[in-house]
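Participant: Handing you a structure now.
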Amino acid sequence: MASNDLHDARALAEFSNIEPARADYFRNNFPRFGPDAWWNMRALLGDEVLPYWQHVQAVVRDAWQKKFPRELMIKLVSVATQPLMQMVEAHHAGAEDFDRRDILEQDVKVWPYQNAVAFLAAQPWRALFCTACGKRFAADKPGRKFCSDACTAKARKASKLASWHEHKDEWRSGSKVKAAKVKKGKKA
Ligand SMILES: [Zn+2]
């Protein structure tokens, strides 16, 4: 695993979770994660005209849910194909007479976004949903349940509280007869 892989995968998880009001925040935190055109272009999604990044985000969310099947991986990797995006960017910048050959002859850049998609498609067990907050996150190890230390702490607190409610009579009185009543068929 290259050192950037997990970092890029985490950025993709964050990208998949952002609300429209937080788009600039994401862009500032992960500059050049994908083509600039994503943030400037708008396109039709259903009946709504939305910024292009929201189209990409919708496919990323779908892929996350489905564990990055090959078809969606190819779709996601190719939405960031640089020559096309550069042409679009140049067009939007008002450069009507830019030379397309210059663009097509350049080396194709691999965006961190594309690296993240390829990485998660190869190791789809990393594409998880946090058990506490429900957000998407990229796991560093198999069996992770929570997206962050904050969610781990929150879940630990909640489970302690649930355990207290389940056993409070038992713990308060020390009576095993009462404890049996509150178990409700659950395993101790
Ligand atoms: Zn979480």
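Residues in the structure tokens are named by chain (A, B, ... in the order shown) and by number from 1 within that chain; ligands are numbered from 1 in the order shown.
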Could you pull out the residues sitting within 6 Å of ligand 1, using only C-alpha atoms and all ligand atoms, and write them as a PyMOL selection string?
Facilitator: chain A and resi 130+132-133+135+146-148+151
Participant: Can I get the selection written as a PDB file, in the first residue's frame, with C-alpha atoms?
Facilitator:
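Listing of again_8.pdb after writing:
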ATOM      1  CA  CYS A 130     -19.665   4.321  10.766  1.00  0.00           C
ATOM      2  CA  ALA A 132     -22.219   5.505  15.402  1.00  0.00           C
ATOM      3  CA  CYS A 133     -22.781   8.438  13.021  1.00  0.00           C
ATOM      4  CA  LYS A 135     -20.999   8.533   7.701  1.00  0.00           C
ATOM      5  CA  PHE A 146     -16.286   3.758  13.851  1.00  0.00           C
ATOM      6  CA  CYS A 147     -15.073   6.626  11.684  1.00  0.00           C
ATOM      7  CA  SER A 148     -13.210   8.526  14.392  1.00  0.00           C
ATOM      8  CA  CYS A 151     -17.464   8.156  17.494  1.00  0.00           C
TER       9      CYS A 151
END
Participant: Using only C-alpha atoms, which residues sit within 8 Å of segment 64-76 of chain A once same-chain residues fewer than 2 positions away are excluded, as a VMD selection string?
Facilitator: chain A and resid 56 59 to 62 78 to 80 114 117 to 118 120 to 121 124 to 125 127 to 128 136
Participant: My list of candidates is A:Ala138, A:Ala11, A:Ala158, A:Val110. Which is closest to Gln123 of chain A when distances are computed with only C-alpha atoms?
Facilitator: A:Ala138
Participant: Once DSSP has gone over the backbone, tell me which residues of segment 7-180 of chain A are in strand (DSSP E or B), as a ChimeraX atom specification.
Facilitator: /A:42-45,48-51,127-129,136-138
Participant: Which residues, written as a list in words, have at least one atom at most 10 Å from segment 43-54 of chain A, with only C-alpha atoms counted and residues fewer than 2 positions away on the same chain left out?
Facilitator: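 Here the qualifying residues turn out to be Phe15, Ser16, Ile18, Glu19, Pro20, Ala23, Gly34, Pro35, Asp36, Ala37, Trp38, Trp39, Asn40, Met41, Val56, Gln57, Ala58, Val59 and Val60 of chain A.
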Participant: Suppose we keep N, CA and C atoms; can you now write the selection as a compact mmCIF listing (two decimals), in the first residue's frame?
Facilitator:
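Done, and the output landed in again-v1.txt:
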# COMPACT_ATOMS: atom_id res chain seq x y z
N PHE A 15 -15.24 13.48 0.92
CA PHE A 15 -15.93 14.03 -0.25
C PHE A 15 -17.35 13.46 -0.36
N SER A 16 -17.49 12.16 -0.11
CA SER A 16 -18.81 11.52 -0.24
C SER A 16 -19.77 12.00 0.84
N ILE A 18 -19.77 15.21 2.27
CA ILE A 18 -20.00 16.66 2.39
C ILE A 18 -21.40 17.10 1.93
N GLU A 19 -21.92 18.03 2.67
CA GLU A 19 -23.17 18.71 2.29
C GLU A 19 -22.77 19.90 1.41
N PRO A 20 -23.70 20.33 0.52
CA PRO A 20 -23.36 21.43 -0.41
C PRO A 20 -22.76 22.66 0.28
N ALA A 23 -18.90 22.48 0.68
CA ALA A 23 -18.07 22.20 -0.50
C ALA A 23 -16.76 22.98 -0.48
N GLY A 34 -9.50 16.58 -7.18
CA GLY A 34 -10.04 16.24 -8.51
C GLY A 34 -9.96 17.50 -9.36
N PRO A 35 -10.40 17.40 -10.61
CA PRO A 35 -10.32 18.56 -11.51
C PRO A 35 -11.10 19.78 -10.99
N ASP A 36 -10.54 20.97 -11.22
CA ASP A 36 -11.22 22.21 -10.81
C ASP A 36 -12.60 22.35 -11.44
N ALA A 37 -12.73 21.79 -12.65
CA ALA A 37 -14.00 21.92 -13.36
C ALA A 37 -15.17 21.36 -12.54
N TRP A 38 -14.89 20.41 -11.68
CA TRP A 38 -15.95 19.84 -10.83
C TRP A 38 -16.68 20.92 -10.05
N TRP A 39 -15.90 21.91 -9.61
CA TRP A 39 -16.46 22.92 -8.71
C TRP A 39 -17.10 24.07 -9.46
N ASN A 40 -16.73 24.21 -10.74
CA ASN A 40 -17.24 25.35 -11.51
C ASN A 40 -18.39 24.99 -12.45
N MET A 41 -18.33 23.75 -12.95
CA MET A 41 -19.35 23.33 -13.92
C MET A 41 -20.66 22.97 -13.23
N VAL A 56 -20.69 13.63 -9.29
CA VAL A 56 -19.63 12.67 -8.95
C VAL A 56 -19.92 12.07 -7.58
N GLN A 57 -20.32 12.93 -6.65
CA GLN A 57 -20.60 12.47 -5.29
C GLN A 57 -21.72 11.41 -5.28
N ALA A 58 -22.74 11.61 -6.10
CA ALA A 58 -23.85 10.65 -6.14
C ALA A 58 -23.35 9.27 -6.59
N VAL A 59 -22.43 9.26 -7.55
CA VAL A 59 -21.89 7.97 -8.02
C VAL A 59 -20.97 7.36 -6.96
N VAL A 60 -20.18 8.22 -6.29
CA VAL A 60 -19.30 7.72 -5.22
C VAL A 60 -20.15 7.08 -4.12
